[in-house]
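Data block for input_36.cif (mmCIF, C-alpha atoms):
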data_structure
loop_
_atom_site.group_PDB
_atom_site.id
_atom_site.type_symbol
_atom_site.label_atom_id
_atom_site.label_comp_id
_atom_site.auth_asym_id
_atom_site.auth_seq_id
_atom_site.Cartn_x
_atom_site.Cartn_y
_atom_site.Cartn_z
ATOM 1 C CA MET R 176 59.438 -45.890 -102.834
ATOM 2 C CA LYS R 177 61.029 -46.512 -99.442
ATOM 3 C CA PRO R 178 58.721 -47.307 -96.514
ATOM 4 C CA SER R 179 58.705 -44.639 -93.837
ATOM 5 C CA LEU R 180 60.762 -45.184 -90.706
ATOM 6 C CA LEU R 181 57.562 -45.143 -88.626
ATOM 7 C CA ALA R 182 56.023 -47.947 -90.727
ATOM 8 C CA VAL R 183 59.199 -50.042 -90.482
ATOM 9 C CA GLY R 184 59.430 -49.468 -86.716
ATOM 10 C CA LEU R 185 55.788 -50.375 -86.174
ATOM 11 C CA SER R 186 56.141 -53.511 -88.300
ATOM 12 C CA ALA R 187 59.104 -54.674 -86.230
ATOM 13 C CA LEU R 188 57.285 -53.812 -82.987
ATOM 14 C CA VAL R 189 54.237 -55.829 -84.032
ATOM 15 C CA LEU R 190 56.447 -58.790 -85.009
ATOM 16 C CA VAL R 191 58.316 -58.814 -81.693
ATOM 17 C CA SER R 192 55.103 -58.358 -79.709
ATOM 18 C CA ALA R 193 53.404 -61.209 -81.533
ATOM 19 C CA CYS R 194 56.322 -63.576 -81.030
ATOM 20 C CA SER R 195 57.340 -62.777 -77.475
ATOM 21 C CA GLY R 196 54.240 -64.099 -75.759
ATOM 22 C CA GLY R 197 54.233 -67.420 -73.967
ATOM 23 C CA ASP R 198 51.815 -69.328 -71.796
ATOM 24 C CA HIS R 199 54.176 -69.105 -68.855
ATOM 25 C CA PRO R 200 54.796 -65.711 -67.240
ATOM 26 C CA ARG R 201 58.545 -66.351 -67.152
ATOM 27 C CA ALA R 202 58.796 -67.402 -70.801
ATOM 28 C CA THR R 203 60.608 -64.932 -73.034
ATOM 29 C CA ALA R 204 61.566 -64.968 -76.683
ATOM 30 C CA THR R 205 64.394 -63.711 -78.823
ATOM 31 C CA HIS R 206 64.299 -63.535 -82.591
ATOM 32 C CA GLY R 207 66.571 -63.249 -85.572
ATOM 33 C CA ALA R 208 66.799 -60.118 -87.662
ATOM 34 C CA THR R 209 63.740 -58.971 -89.566
ATOM 35 C CA THR R 210 63.627 -57.243 -92.908
ATOM 36 C CA GLY R 211 61.515 -54.427 -91.516
ATOM 37 C CA THR R 212 59.135 -54.563 -94.455
ATOM 38 C CA GLY R 213 56.203 -55.849 -92.422
ATOM 39 C CA THR R 214 55.625 -58.705 -94.851
ATOM 40 C CA PRO R 215 55.157 -62.171 -93.389
ATOM 41 C CA PRO R 216 58.007 -64.639 -93.899
ATOM 42 C CA SER R 217 57.729 -66.729 -97.025
ATOM 43 C CA PRO R 218 56.690 -70.354 -96.536
ATOM 44 C CA ALA R 219 59.927 -71.429 -98.260
ATOM 45 C CA ARG R 220 61.897 -69.998 -95.297
ATOM 46 C CA THR R 221 59.967 -71.964 -92.664
ATOM 47 C CA PRO R 222 61.954 -75.079 -91.705
ATOM 48 C CA THR R 223 60.336 -78.391 -92.541
ATOM 49 C CA SER R 224 62.432 -80.668 -90.318
ATOM 50 C CA PRO R 225 63.644 -80.264 -86.703
ATOM 51 C CA ASP R 226 67.331 -80.344 -87.688
ATOM 52 C CA ARG R 227 66.796 -77.177 -89.742
ATOM 53 C CA LEU R 228 65.544 -75.187 -86.750
ATOM 54 C CA PRO R 229 67.995 -72.836 -85.029
ATOM 55 C CA ASN R 230 69.790 -74.120 -81.956
ATOM 56 C CA PRO R 231 67.724 -72.984 -78.956
ATOM 57 C CA VAL R 232 70.921 -72.361 -76.963
ATOM 58 C CA GLN R 233 71.747 -68.879 -78.259
ATOM 59 C CA SER R 234 74.830 -68.101 -76.163
ATOM 60 C CA PRO R 235 77.507 -70.107 -74.386
ATOM 61 C CA LEU R 236 76.221 -71.779 -71.229
ATOM 62 C CA PRO R 237 77.753 -70.636 -67.949
ATOM 63 C CA VAL R 238 80.642 -72.791 -66.744
ATOM 64 C CA GLY R 239 79.277 -75.586 -64.573
ATOM 65 C CA SER R 240 75.902 -75.837 -66.321
ATOM 66 C CA LYS R 241 74.606 -79.359 -66.780
ATOM 67 C CA THR R 242 72.671 -80.283 -69.911
ATOM 68 C CA LEU R 243 69.863 -82.583 -68.799
ATOM 69 C CA TYR R 244 68.266 -83.134 -72.214
ATOM 70 C CA THR R 245 68.504 -82.011 -75.817
ATOM 71 C CA GLY R 246 66.179 -83.279 -78.472
ATOM 72 C CA SER R 247 64.124 -82.529 -81.549
ATOM 73 C CA ASP R 248 61.079 -84.062 -83.180
ATOM 74 C CA HIS R 249 57.630 -83.209 -84.469
ATOM 75 C CA GLY R 250 54.274 -83.461 -82.715
ATOM 76 C CA ALA R 251 54.030 -84.738 -79.152
ATOM 77 C CA GLY R 252 57.043 -85.983 -77.218
ATOM 78 C CA GLY R 253 58.504 -86.007 -73.764
ATOM 79 C CA VAL R 254 61.394 -86.701 -71.439
ATOM 80 C CA THR R 255 62.024 -88.049 -67.949
ATOM 81 C CA LEU R 256 64.613 -85.848 -66.275
ATOM 82 C CA PRO R 257 67.269 -87.287 -63.932
ATOM 83 C CA ALA R 258 66.645 -87.196 -60.171
ATOM 84 C CA SER R 259 69.153 -84.327 -59.804
ATOM 85 C CA ALA R 260 66.681 -82.055 -61.614
ATOM 86 C CA GLY R 261 64.163 -82.502 -58.807
ATOM 87 C CA LYS R 262 66.720 -81.231 -56.294
ATOM 88 C CA ALA R 263 67.707 -78.116 -58.252
ATOM 89 C CA SER R 264 66.333 -74.706 -57.296
ATOM 90 C CA SER R 265 65.395 -74.170 -60.966
ATOM 91 C CA ILE R 266 65.782 -75.612 -64.451
ATOM 92 C CA THR R 267 66.164 -73.541 -67.625
ATOM 93 C CA VAL R 268 64.309 -74.682 -70.747
ATOM 94 C CA MET R 269 65.103 -73.268 -74.195
ATOM 95 C CA TRP R 270 63.164 -74.234 -77.310
ATOM 96 C CA THR R 271 62.260 -73.249 -80.814
ATOM 97 C CA CYS R 272 59.414 -74.561 -82.912
ATOM 98 C CA ALA R 273 57.778 -74.091 -86.305
ATOM 99 C CA GLY R 274 54.214 -74.781 -87.286
ATOM 100 C CA PRO R 275 50.700 -73.411 -87.224
ATOM 101 C CA SER R 276 49.967 -74.061 -83.539
ATOM 102 C CA LYS R 277 51.414 -74.119 -80.022
ATOM 103 C CA PHE R 278 54.181 -76.036 -78.268
ATOM 104 C CA ASP R 279 53.597 -76.684 -74.558
ATOM 105 C CA ILE R 280 55.688 -78.307 -71.836
ATOM 106 C CA VAL R 281 53.488 -80.060 -69.281
ATOM 107 C CA ALA R 282 54.143 -82.032 -66.071
ATOM 108 C CA SER R 283 51.417 -83.840 -64.110
ATOM 109 C CA GLY R 284 48.829 -82.233 -66.384
ATOM 110 C CA LYS R 285 49.974 -78.715 -65.414
ATOM 111 C CA PRO R 286 51.615 -76.358 -67.940
ATOM 112 C CA LEU R 287 55.218 -75.408 -67.158
ATOM 113 C CA ALA R 288 55.877 -73.282 -70.259
ATOM 114 C CA GLY R 289 54.763 -72.892 -73.840
ATOM 115 C CA SER R 290 54.671 -70.712 -76.906
ATOM 116 C CA GLN R 291 53.009 -70.135 -80.236
ATOM 117 C CA CYS R 292 55.296 -71.497 -82.946
ATOM 118 C CA GLY R 293 55.121 -69.614 -86.254
ATOM 119 C CA ASP R 294 58.025 -69.739 -88.717
ATOM 120 C CA GLY R 295 60.676 -71.202 -86.401
ATOM 121 C CA SER R 296 62.664 -67.997 -85.954
ATOM 122 C CA GLY R 297 61.668 -67.516 -82.300
ATOM 123 C CA VAL R 298 63.792 -68.926 -79.506
ATOM 124 C CA PHE R 299 61.995 -69.185 -76.188
ATOM 125 C CA THR R 300 63.427 -69.487 -72.682
ATOM 126 C CA ALA R 301 61.652 -70.338 -69.442
ATOM 127 C CA GLU R 302 62.974 -70.800 -65.939
ATOM 128 C CA ILE R 303 61.074 -73.543 -64.134
ATOM 129 C CA PRO R 304 61.409 -73.014 -60.354
ATOM 130 C CA HIS R 305 61.784 -75.934 -57.935
ATOM 131 C CA SER R 306 58.252 -75.313 -56.654
ATOM 132 C CA HIS R 307 56.868 -76.338 -60.090
ATOM 133 C CA MET R 308 58.956 -79.518 -60.445
ATOM 134 C CA HIS R 309 56.726 -82.021 -58.660
ATOM 135 C CA GLU R 310 57.099 -84.455 -61.536
ATOM 136 C CA LEU R 311 60.243 -85.229 -63.543
ATOM 137 C CA THR R 312 58.353 -86.702 -66.491
ATOM 138 C CA TRP R 313 57.617 -83.832 -68.840
ATOM 139 C CA LYS R 314 55.414 -84.074 -71.910
ATOM 140 C CA PHE R 315 55.771 -81.902 -74.993
ATOM 141 C CA SER R 316 52.356 -81.161 -76.415
ATOM 142 C CA ALA R 317 52.159 -80.103 -80.062
ATOM 143 C CA ALA R 318 50.180 -80.873 -83.199
ATOM 144 C CA ASP R 319 51.779 -83.327 -85.638
ATOM 145 C CA SER R 320 52.421 -80.391 -87.991
ATOM 146 C CA VAL R 321 54.729 -78.703 -85.415
ATOM 147 C CA ILE R 322 58.499 -79.348 -85.440
ATOM 148 C CA TRP R 323 60.629 -78.457 -82.406
ATOM 149 C CA ARG R 324 64.109 -78.438 -80.822
ATOM 150 C CA ILE R 325 64.583 -78.195 -77.070
ATOM 151 C CA ALA R 326 67.410 -77.999 -74.512
ATOM 152 C CA ILE R 327 66.880 -78.459 -70.777
ATOM 153 C CA ILE R 328 69.713 -77.078 -68.649
ATOM 154 C CA GLN R 329 70.506 -77.099 -64.935
ATOM 155 C CA PRO R 330 72.351 -73.830 -64.231
ATOM 156 C CA PRO R 331 75.613 -73.964 -62.230
ATOM 157 C CA GLY R 332 75.473 -73.832 -58.449
ATOM 158 C CA ASN R 333 71.807 -74.802 -58.526
ATOM 159 C CA GLN R 334 71.576 -76.613 -55.199
ATOM 160 C CA PRO R 335 68.449 -77.922 -53.514
ATOM 161 C CA PRO R 336 66.564 -75.337 -51.421
ATOM 162 C CA GLY R 337 67.893 -75.054 -47.885
ATOM 163 C CA ASN R 338 71.487 -76.069 -48.743
#
Can the structure from this file be put into structure tokens for me?
Amino acid sequence: MKPSLLAVGLSALVLVSACSGGDHPRATATHGATTGTGTPPSPARTPTSPDRLPNPVQSPLPVGSKTLYTGSDHGAGGVTLPASAGKASSITVMWTCAGPSKFDIVASGKPLAGSQCGDGSGVFTAEIPHSHMHELTWKFSAADSVIWRIAIIQPPGNQPPGN
């Protein structure tokens, strides 16, 4: 028996709603195709190492973009961004993660962005404005059971405020 169109549509809506939330109001998520059956993904499909996660950069970067950091790991981590990042009007962060808990990006003890992880199919994007970049040392907070991939990009033409 085929599931009704309403049931399939509601299942997809619930999946997208559950995955699109983030701790940061500017964080958004995009996801791969779903089967529409409303069944949770099988554990065999959840990646078990960071190199098996999808690339968080889902489309070609605009000409002139500068990649400040790309990395992958599990559990906690971090990066110190170059001084040019502190002069930019904003920085774009894209990440994906898999595991039973959250992945957060924190600077000076204040959250910049974050998401719930799940099966690793979600790709999250957050724009961090200059006003939130008081510190260039960012920490990635996650349980040891969480794997992640991240890309930090400075968009083209992103000059310091007032220039």
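For the set R:Ala273, R:Ala282, R:Val298, R:Leu243, the residue with the smallest atom-to-atom gap to Ala260 (chain R) is R:Leu243, counting only C-alpha atoms.
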Checklist line | Contact residues around Val281 (chain R) with all atoms listed in the file at 12 Å, ignoring same-chain residues under 3 positions, as a ChimeraX atom specification | finding: /R:198-199,251-255,278,284-289,303,307-317
Item checked: Target residues per the PyMOL selection byres ((chain R and resi 292) around 6), formatted as a ChimeraX atom specification -> /R:272-274,276-277,291,293
Save out the residues we just selected, C-alpha atoms, as a PDB file, in the coordinates of the input.
ATOM      1  CA  CYS R 272      59.414 -74.561 -82.912  1.00  0.00           C
ATOM      2  CA  ALA R 273      57.778 -74.091 -86.305  1.00  0.00           C
ATOM      3  CA  GLY R 274      54.214 -74.781 -87.286  1.00  0.00           C
ATOM      4  CA  SER R 276      49.967 -74.061 -83.539  1.00  0.00           C
ATOM      5  CA  LYS R 277      51.414 -74.119 -80.022  1.00  0.00           C
ATOM      6  CA  GLN R 291      53.009 -70.135 -80.236  1.00  0.00           C
ATOM      7  CA  GLY R 293      55.121 -69.614 -86.254  1.00  0.00           C
TER       8      GLY R 293
END
Next item on the list: Given the file shown, enumerate the residues that the PyMOL selection byres ((chain R and resi 245) around 8) captures and present them as a ChimeraX atom specification.
Entry: /R:242-244,246-247,324-327
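Take CA of Ser320 (chain R) and CA of Pro257 (chain R): the distance between them is 29.1 Å.
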Check: Using the chain letters and numbers from the file, which residues does the PyMOL selection byres ((chain R and resi 222) around 12) grab, as an MDAnalysis selection string?
Finding: chainID R and resid 216:221 223:229 249 271:274 292:296 320:324
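Counting from CA of Asp279 (chain R), the distance to CA of Ser265 (chain R) is 18.2 Å.
Reported to one decimal place, the separation of CA of Ile280 (chain R) from CA of Gly239 (chain R) is 24.8 Å.
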Margin query: Tell me which residues come within 8 Å of (71.1, -74.2, -75.7), as a PyMOL selection string, counting only C-alpha atoms in the file's coordinates.
Written below: chain R and resi 230-236+269+325-328
Notebook entry, point to check: Nearest to Pro330 (chain R): which of R:Gly250, R:Ala258, R:Glu302, R:Ala318 is it, counting all atoms listed in the file?
Noted result: R:Glu302
Next item on the list: Compare R:Gly332, R:Asp319, R:Ser306, R:Ser283 by their minimum atom-to-atom distance to Gly261 (chain R), counting all atoms listed in the file, and give me the closest one.
Entry: R:Ser306
